[in-house]
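Raw input38.csv, CSV, C-alpha atoms:
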chain,number,residue,atom,x,y,z
L,190,MET,CA,0.0,0.0,0.0
L,191,SER,CA,1.4,3.4,-0.9
L,192,GLU,CA,1.8,6.0,1.8
L,193,LYS,CA,-0.6,8.9,2.2
L,194,ILE,CA,0.9,11.6,4.4
L,195,LEU,CA,-0.7,14.6,6.1
L,196,VAL,CA,1.5,17.5,7.2
L,197,LEU,CA,-0.4,19.8,9.6
L,198,GLY,CA,1.2,23.2,10.0
L,199,SER,CA,2.8,22.9,6.6
L,200,ASN,CA,3.5,26.7,6.1
L,201,GLY,CA,5.9,27.0,9.0
L,202,GLN,CA,9.7,27.0,9.1
L,203,ILE,CA,9.9,23.2,9.3
L,204,GLY,CA,6.8,22.4,7.3
L,205,THR,CA,7.9,24.4,4.3
L,206,GLU,CA,10.9,22.2,3.7
L,207,LEU,CA,9.5,19.0,5.1
L,208,VAL,CA,6.7,19.0,2.5
L,209,THR,CA,9.2,19.4,-0.3
L,210,ALA,CA,11.3,16.5,1.0
L,211,LEU,CA,8.4,14.2,1.6
L,212,ARG,CA,6.9,14.9,-1.9
L,213,SER,CA,10.3,14.2,-3.4
L,214,ALA,CA,10.4,10.8,-1.6
L,215,TYR,CA,6.7,9.7,-1.9
L,216,GLY,CA,5.3,11.7,-4.8
L,217,ASN,CA,3.5,15.0,-4.9
L,218,ASP,CA,0.0,13.6,-4.8
L,219,ASN,CA,0.7,11.5,-1.7
L,220,VAL,CA,1.7,14.3,0.6
L,221,VAL,CA,-1.1,16.6,1.7
L,222,ALA,CA,0.0,20.0,3.0
L,223,CYS,CA,-2.4,21.5,5.6
L,224,ASP,CA,-2.4,24.9,7.3
L,225,ILE,CA,-4.7,27.7,8.4
L,226,ARG,CA,-3.0,30.0,5.9
L,227,ARG,CA,-2.6,29.9,2.1
L,228,PRO,CA,0.7,28.4,1.0
L,229,ASP,CA,3.5,30.9,0.3
L,230,TYR,CA,5.6,28.7,-1.9
L,231,GLU,CA,5.1,27.3,-5.4
L,232,THR,CA,6.3,23.9,-4.1
L,233,LYS,CA,3.2,23.9,-1.8
L,234,ASN,CA,1.0,24.0,-4.9
L,235,ALA,CA,2.7,21.1,-6.5
L,236,GLY,CA,0.4,18.7,-4.6
L,237,PRO,CA,-2.8,18.7,-2.5
L,238,PHE,CA,-3.4,21.5,0.0
L,239,GLU,CA,-6.2,21.7,2.6
L,240,PHE,CA,-7.2,24.6,4.9
L,241,VAL,CA,-7.2,23.1,8.4
L,242,ASN,CA,-7.3,24.5,12.0
L,243,VAL,CA,-6.0,21.6,14.2
L,244,LEU,CA,-8.3,22.9,17.0
L,245,ASP,CA,-11.4,22.3,14.8
L,246,LYS,CA,-11.7,18.6,15.4
L,247,GLU,CA,-14.7,18.2,13.0
L,248,ILE,CA,-12.9,19.7,10.0
L,249,LEU,CA,-9.8,17.7,11.0
L,250,LYS,CA,-11.9,14.5,11.1
L,251,GLU,CA,-13.2,15.3,7.6
L,252,ILE,CA,-9.6,15.5,6.4
L,253,PHE,CA,-8.7,12.2,8.0
L,254,GLN,CA,-11.8,10.7,6.4
L,255,LYS,CA,-11.0,12.1,3.0
L,256,TYR,CA,-7.3,10.9,2.9
L,257,LYS,CA,-7.1,8.1,5.5
L,258,PRO,CA,-3.4,9.0,6.1
L,259,SER,CA,-0.8,6.3,6.9
L,260,GLN,CA,1.4,9.0,8.4
L,261,VAL,CA,0.7,12.3,10.0
L,262,TYR,CA,3.2,15.1,10.9
L,263,LEU,CA,1.8,17.6,13.3
L,264,LEU,CA,3.9,20.8,13.2
L,265,ALA,CA,1.2,23.4,14.1
L,266,ALA,CA,2.4,25.2,17.3
L,267,LEU,CA,3.0,28.6,18.9
L,268,LEU,CA,6.7,28.9,19.7
L,269,SER,CA,8.6,30.1,22.8
L,270,ALA,CA,8.7,33.9,22.4
L,271,THR,CA,5.3,34.2,20.6
L,272,GLY,CA,3.7,31.8,23.1
L,273,GLU,CA,4.7,34.1,26.1
L,274,GLN,CA,2.6,36.9,24.5
L,275,ASN,CA,-0.5,34.7,24.6
L,276,PRO,CA,0.0,31.8,27.0
L,277,LYS,CA,-3.5,30.4,27.0
L,278,LEU,CA,-3.7,30.3,23.2
L,279,ALA,CA,-0.3,28.6,23.1
L,280,TRP,CA,-1.4,26.0,25.6
L,281,ASP,CA,-4.7,25.4,23.7
L,282,LEU,CA,-3.0,25.1,20.3
L,283,ASN,CA,0.0,23.1,21.4
L,284,MET,CA,-1.9,20.7,23.6
L,285,ASN,CA,-5.4,20.2,22.2
L,286,GLY,CA,-4.1,20.2,18.7
L,287,LEU,CA,-2.0,17.2,19.6
L,288,LEU,CA,-4.8,15.4,21.4
L,289,ASN,CA,-7.1,15.9,18.5
L,290,VAL,CA,-4.6,14.4,16.1
L,291,LEU,CA,-3.7,11.4,18.4
L,292,ASP,CA,-7.4,10.6,18.8
L,293,LEU,CA,-8.1,10.8,15.1
L,294,ALA,CA,-4.9,8.8,14.3
L,295,LEU,CA,-6.3,6.0,16.5
L,296,ALA,CA,-9.8,6.2,15.0
L,297,PHE,CA,-8.5,6.1,11.4
L,298,LYS,CA,-5.8,3.5,12.1
L,299,THR,CA,-2.9,5.9,11.1
L,300,THR,CA,0.3,3.9,11.1
L,301,LYS,CA,2.7,6.6,12.4
L,302,VAL,CA,2.4,10.0,13.9
L,303,TYR,CA,5.2,12.6,14.2
L,304,TRP,CA,5.1,15.4,16.7
L,305,PRO,CA,8.0,17.7,17.4
L,306,SER,CA,9.2,18.6,20.9
L,307,SER,CA,12.0,21.1,21.8
L,308,ILE,CA,14.9,21.9,24.0
L,309,ALA,CA,12.4,24.2,25.7
L,310,VAL,CA,11.3,21.2,27.8
L,311,PHE,CA,14.4,21.8,29.9
L,312,GLY,CA,14.6,24.5,32.5
L,313,PRO,CA,16.7,26.4,35.0
L,314,ASN,CA,17.5,23.2,37.0
L,315,SER,CA,18.3,21.0,34.0
L,316,PRO,CA,22.0,20.3,33.4
L,317,LYS,CA,23.4,22.8,30.9
L,318,GLU,CA,26.3,20.9,29.4
L,319,ARG,CA,25.5,17.9,27.3
L,320,THR,CA,22.0,17.8,28.7
L,321,PRO,CA,21.1,14.1,29.0
L,322,GLN,CA,18.0,12.4,27.7
L,323,TYR,CA,16.7,11.9,31.2
L,324,CYS,CA,17.1,14.6,33.7
L,325,THR,CA,15.3,17.4,35.7
L,326,MET,CA,12.8,19.1,33.4
L,327,ASP,CA,11.3,22.3,34.8
L,328,PRO,CA,10.4,24.5,31.8
L,329,ASN,CA,9.5,28.1,32.6
L,330,THR,CA,7.7,29.0,29.3
L,331,VAL,CA,4.2,27.9,28.3
L,332,TYR,CA,5.8,26.5,25.1
L,333,GLY,CA,8.2,24.4,27.2
L,334,ILE,CA,5.4,23.3,29.6
L,335,SER,CA,3.2,22.3,26.6
L,336,LYS,CA,6.0,20.4,25.0
L,337,MET,CA,6.8,18.5,28.2
L,338,ALA,CA,3.1,17.6,28.7
L,339,GLY,CA,2.9,16.7,25.0
L,340,GLU,CA,5.8,14.2,25.4
L,341,ARG,CA,4.0,12.5,28.2
L,342,TRP,CA,0.8,12.2,26.1
L,343,CYS,CA,2.8,10.8,23.1
L,344,GLU,CA,4.3,8.1,25.4
L,345,TYR,CA,0.9,7.5,27.0
L,346,TYR,CA,-0.8,6.8,23.6
L,347,TYR,CA,2.0,4.5,22.6
L,348,GLN,CA,1.9,2.5,25.9
L,349,LYS,CA,-1.9,2.4,26.3
L,350,TYR,CA,-3.1,2.2,22.6
L,351,ASN,CA,0.1,1.0,20.8
L,352,LEU,CA,0.0,4.1,18.6
L,353,ASP,CA,3.4,4.5,16.9
L,354,VAL,CA,4.2,8.1,17.9
L,355,ARG,CA,7.7,9.5,17.3
L,356,SER,CA,9.2,12.7,18.4
L,357,ILE,CA,12.4,14.8,18.4
L,358,ARG,CA,13.4,17.6,20.7
L,359,TYR,CA,14.6,20.2,18.2
L,360,PRO,CA,17.3,22.6,19.0
L,361,GLY,CA,17.2,26.1,17.4
L,362,LEU,CA,16.7,25.6,13.7
L,363,ILE,CA,18.4,27.7,11.0
L,364,SER,CA,17.1,27.9,7.5
L,365,TRP,CA,17.1,30.3,4.5
L,366,LYS,CA,13.9,29.2,2.8
L,367,ALA,CA,11.2,30.2,5.3
L,368,ALA,CA,10.9,33.0,7.9
L,369,PRO,CA,11.5,32.0,11.6
L,370,GLY,CA,8.3,31.5,13.6
L,371,GLY,CA,8.9,33.5,16.8
L,372,GLY,CA,11.4,31.5,18.7
L,373,THR,CA,14.2,32.4,21.1
L,374,THR,CA,16.9,31.1,18.7
L,375,ASP,CA,15.7,33.2,15.8
L,376,TYR,CA,18.6,35.6,16.1
L,377,ALA,CA,20.7,32.9,14.3
L,378,ILE,CA,18.5,33.4,11.2
L,379,HIS,CA,18.1,37.2,11.4
L,380,ILE,CA,21.8,37.7,11.7
L,381,PHE,CA,22.5,36.3,8.2
L,382,HIS,CA,19.8,38.4,6.6
L,383,GLU,CA,21.1,41.6,8.3
L,384,ALA,CA,24.8,40.8,7.6
L,385,LEU,CA,24.0,40.7,3.8
L,386,LYS,CA,21.6,43.6,3.9
L,387,LYS,CA,23.2,46.1,6.3
L,388,GLY,CA,26.6,44.6,7.3
L,389,SER,CA,25.5,44.8,10.9
L,390,TYR,CA,23.1,43.2,13.4
L,391,SER,CA,21.9,43.9,16.9
L,392,SER,CA,21.5,40.5,18.8
L,393,PHE,CA,18.7,40.2,21.4
L,394,LEU,CA,20.8,37.5,23.1
L,395,SER,CA,24.1,38.2,24.8
L,396,ALA,CA,27.6,37.5,23.3
L,397,THR,CA,28.2,34.5,25.6
L,398,THR,CA,24.7,32.8,25.2
L,399,GLU,CA,25.6,29.4,23.9
L,400,LEU,CA,22.7,27.3,22.6
L,401,PRO,CA,22.2,24.1,20.7
L,402,MET,CA,21.4,24.8,17.0
L,403,MET,CA,20.9,22.8,13.8
L,404,TYR,CA,20.8,23.5,10.1
L,405,MET,CA,17.4,22.8,8.6
L,406,ASP,CA,18.8,20.3,6.1
L,407,ASP,CA,20.0,18.1,9.0
L,408,ALA,CA,16.7,18.6,10.9
L,409,ILE,CA,14.6,17.5,7.9
L,410,ARG,CA,16.9,14.5,7.1
L,411,GLY,CA,16.9,13.4,10.8
L,412,THR,CA,13.1,13.7,11.1
L,413,ILE,CA,12.5,11.5,8.0
L,414,GLU,CA,15.2,9.0,9.2
L,415,LEU,CA,13.4,8.7,12.5
L,416,MET,CA,10.1,8.1,10.8
L,417,ASP,CA,11.7,5.5,8.5
L,418,ALA,CA,13.4,3.6,11.3
L,419,PRO,CA,11.9,0.2,12.2
L,420,ALA,CA,9.6,0.4,15.2
L,421,LYS,CA,11.6,-2.1,17.1
L,422,GLU,CA,14.6,0.3,17.0
L,423,ILE,CA,12.7,3.1,18.7
L,424,SER,CA,13.4,3.0,22.4
L,425,ILE,CA,12.2,6.5,23.3
L,426,ARG,CA,8.5,7.2,23.0
L,427,SER,CA,8.5,10.6,24.7
L,428,SER,CA,11.0,12.5,22.5
L,429,TYR,CA,14.6,12.1,21.4
L,430,ASN,CA,17.4,14.5,22.3
L,431,PHE,CA,18.7,15.7,18.9
L,432,GLY,CA,22.0,17.5,18.5
L,433,GLY,CA,23.7,19.5,15.8
L,434,VAL,CA,26.1,22.4,16.5
L,435,ASN,CA,26.5,24.7,19.5
L,436,PHE,CA,27.6,28.3,19.4
L,437,THR,CA,27.2,31.8,20.8
L,438,PRO,CA,26.3,35.0,18.8
L,439,GLU,CA,29.9,36.1,19.0
L,440,VAL,CA,31.2,32.8,17.6
L,441,LEU,CA,28.6,32.9,14.8
L,442,ALA,CA,29.6,36.5,14.0
L,443,ALA,CA,33.2,35.5,13.8
L,444,GLU,CA,32.3,32.8,11.2
L,445,ILE,CA,30.2,35.3,9.2
L,446,ARG,CA,33.2,37.7,9.1
L,447,LYS,CA,35.2,35.0,7.2
L,448,HIS,CA,32.8,35.8,4.4
L,449,ILE,CA,31.9,39.5,5.2
L,450,PRO,CA,35.0,40.9,7.0
L,451,GLU,CA,33.3,44.3,7.8
L,452,PHE,CA,30.3,42.7,9.6
L,453,LYS,CA,29.6,44.3,13.0
L,454,LEU,CA,27.6,42.8,15.8
L,455,SER,CA,26.1,44.7,18.7
L,456,TYR,CA,23.7,43.7,21.5
L,457,THR,CA,20.3,44.8,22.8
L,458,GLU,CA,19.9,44.6,26.5
L,459,ASN,CA,16.9,43.5,28.6
L,460,ASP,CA,15.1,41.5,25.9
L,461,PRO,CA,12.8,38.9,27.5
L,462,ARG,CA,14.1,36.2,25.2
L,463,GLN,CA,17.4,36.3,27.1
L,464,ASP,CA,15.7,34.9,30.2
L,465,ILE,CA,14.3,32.1,28.2
L,466,ALA,CA,17.7,31.3,26.6
L,467,ASN,CA,19.4,31.3,30.1
L,468,SER,CA,17.1,28.4,31.2
L,469,TRP,CA,18.0,26.3,28.1
L,470,PRO,CA,20.9,23.8,27.5
L,471,LYS,CA,24.2,24.9,26.0
L,472,SER,CA,24.7,21.5,24.4
L,473,ILE,CA,22.8,18.2,24.0
L,474,ASP,CA,23.6,14.6,24.6
L,475,ASP,CA,21.8,12.8,21.8
L,476,SER,CA,23.4,9.4,22.2
L,477,PHE,CA,20.1,7.6,22.2
L,478,ALA,CA,19.3,8.9,18.7
L,479,ARG,CA,22.8,8.1,17.5
L,480,LYS,CA,22.4,4.5,18.8
L,481,ASP,CA,18.8,3.8,18.0
L,482,TRP,CA,18.5,5.1,14.5
L,483,LEU,CA,22.1,6.1,13.7
L,484,TRP,CA,21.6,9.9,13.8
L,485,LYS,CA,24.6,12.0,12.7
L,486,PRO,CA,24.5,15.7,11.7
L,487,GLU,CA,26.3,16.6,8.5
L,488,PHE,CA,26.5,20.4,8.9
L,489,ASP,CA,29.1,22.0,11.2
L,490,LEU,CA,29.2,25.8,11.8
L,491,ALA,CA,31.5,26.5,8.8
L,492,ARG,CA,29.5,24.5,6.3
L,493,MET,CA,26.2,25.9,7.6
L,494,THR,CA,27.4,29.5,7.4
L,495,ASP,CA,28.7,29.1,3.9
L,496,ASP,CA,25.4,27.5,2.7
L,497,MET,CA,23.2,30.1,4.4
L,498,LEU,CA,25.1,33.0,2.8
L,499,LYS,CA,25.3,31.4,-0.6
L,500,ASN,CA,21.6,30.7,-0.7
L,501,LEU,CA,20.5,34.0,0.7
L,502,LYS,CA,22.5,35.9,-1.9
L,503,LYS,CA,20.7,34.0,-4.6
L,504,SER,CA,17.2,34.4,-3.1

Rendering of file as structure tokens:
Amino acid sequence: MSEKILVLGSNGQIGTELVTALRSAYGNDNVVACDIRRPDYETKNAGPFEFVNVLDKEILKEIFQKYKPSQVYLLAALLSATGEQNPKLAWDLNMNGLLNVLDLALAFKTTKVYWPSSIAVFGPNSPKERTPQYCTMDPNTVYGISKMAGERWCEYYYQKYNLDVRSIRYPGLISWKAAPGGGTTDYAIHIFHEALKKGSYSSFLSATTELPMMYMDDAIRGTIELMDAPAKEISIRSSYNFGGVNFTPEVLAAEIRKHIPEFKLSYTENDPRQDIANSWPKSIDDSFARKDWLWKPEFDLARMTDDMLKNLKKS
């Protein structure tokens, strides 16, 4: 039987590139992009598209009925910084959207469900260096709280109903194709745009704020590799730690100066995103992902910087 895949939240930073990758692998007609906004990219129009609000369970049910998906990727969410501006909406979207999809996946016998978690599940009392898979998790943003609760629901549906749910705790994601979605790590995307446009950038995170990051090419590849892995190899049913490259704004700026020597970096003080970043890991121990489904990133800081600048110059 051929795969039929739903991607909910397809217009976002991850969804934009995931839809393209999945359509390349499974055929345009077999990957249904779904969002509450009209697609921005021509590639989105290369296959089926449906307007869907994941909080509208009846409309969502109609989509499941229409396509009877074998796989569902649920990407719709409010991110860390945006979520703090409207915490109740963030909780509602991030939590009830997930529960709606899990229930419908059971009802329509969907084979696999993918739901992304985040390093935001960690908090002030989590270890900061090589943060382990299992440790204290005391998130202090509504985004992090919803992701931590979502991980428990994913594991619960696997244990109680045998639903094959898979998840990754994404670090900050860097891409040139789609705009960032309101996260604490977004400086690492804005800095490239401003370096090319103005030759300068004012970072909302301090010079020494080290955070785990990943280039989008690695994130998309890793996500599909996780979903393609045999079920018997998946030992984590909450969400896998997932590592790429770690750096500070100052280190990233130094790499950019290898391409744009005159680039200047300054800093904005008292941005609320700094407090969020201070509670997050500096680096991630992703040994479970490396062992279970042979995860390995391909982009280091130098390769990522070169690729970002090269593509942004063209676009």

Skipping near chain neighbours, those fewer than 2 positions away, what residues fall within 8 Å of Met284 of chain L using all atoms listed in the file, listed as a VMD selection string? chain L and resid 280 to 282 286 to 288 335 338 to 339

Per residue of segment 402-488 of chain L within 6 Å of segment 351-368 of chain L, which atom pair is closest and at what distance in Å (one decimal), using only C-alpha atoms, listed by chain and increasing number, as a Markdown table?
| residue | atom | partner | partner_atom | distance |
| --- | --- | --- | --- | --- |
| L:Met402 | CA | L:Gly361 | CA | 4.4 |
| L:Met403 | CA | L:Leu362 | CA | 5.0 |
| L:Tyr404 | CA | L:Ile363 | CA | 4.9 |
| L:Met405 | CA | L:Ser364 | CA | 5.2 |
| L:Ser428 | CA | L:Ser356 | CA | 4.5 |
| L:Tyr429 | CA | L:Ile357 | CA | 4.6 |
| L:Asn430 | CA | L:Arg358 | CA | 5.3 |
| L:Phe431 | CA | L:Arg358 | CA | 5.9 |

Between L:Ala296, L:Ala491, L:Val302, L:Leu483, single out the one closest to Glu444 of chain L, counting all atoms listed in the file.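 The answer is L:Ala491, which sits nearest to Glu444 of chain L.
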
Please identify all polymer residues within 8 Å of segment 414-416 of chain L, counting all atoms listed in the file, omitting same-chain residues fewer than 6 positions from it, and present them as a ChimeraX atom specification. /L:301,303,355,482,484

Would you compute the distance between atom CA of Leu293 of chain L and atom CA of Leu197 of chain L? Give it in Å to one decimal.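 Distance between the two atoms: 13.1 Å.
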
I'd like the contact shell of Glu399 of chain L - 6 Å cut-off, only C-alpha atoms, skipping same-chain residues fewer than 3 positions apart - returned as an NGL selection string. :L and (436-437 or 471)

Contacts of Arg212 of chain L at 9 Å or less, counting all atoms listed in the file, minus same-chain residues fewer than 6 places along, as a compact mmCIF listing (two decimals) with C-alpha atoms, in the coordinates of the input?
# COMPACT_ATOMS: atom_id res chain seq x y z
CA ASP L 218 0.00 13.60 -4.80
CA ASN L 219 0.70 11.50 -1.70
CA VAL L 220 1.70 14.30 0.60
CA VAL L 221 -1.10 16.60 1.70
CA ALA L 235 2.70 21.10 -6.50
CA GLY L 236 0.40 18.70 -4.60

List as a PyMOL selection string the protein and nucleic acid residues near Asp464 of chain L, meaning an atom at most 12 Å away when all atoms listed in the file are counted, but skip any in the same chain fewer than 6 places from it. chain L and resi 269-270+273+312-313+328-330+373+393-395+398+458

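The closest residue to Gly388 of chain L, picked from L:Cys324, L:Ala442, L:Ala309, L:Leu195 and counting all atoms listed in the file, is L:Ala442.
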
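For the pair atom CA of Pro438 of chain L and atom CA of Asp460 of chain L, the separation is 14.8 Å.
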
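Using all atoms listed in the file, the nearest neighbour of Leu385 of chain L within the list L:Ala210, L:Val196, L:Met326, L:Leu498 is L:Leu498.
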
Mind listing whatever residues come within 7 Å of the point (17.1, 2.3, 20.7)? Use all atoms listed in the file, file coordinates, and give them as number ranges by chain. L: 422-425, 477, 480-482

Counting only C-alpha atoms, the option among L:Ile465, L:Ala478, L:Val241, L:Leu454 closest to Ile380 of chain L: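 For Ile380 of chain L, the nearest of the given residues is L:Leu454.
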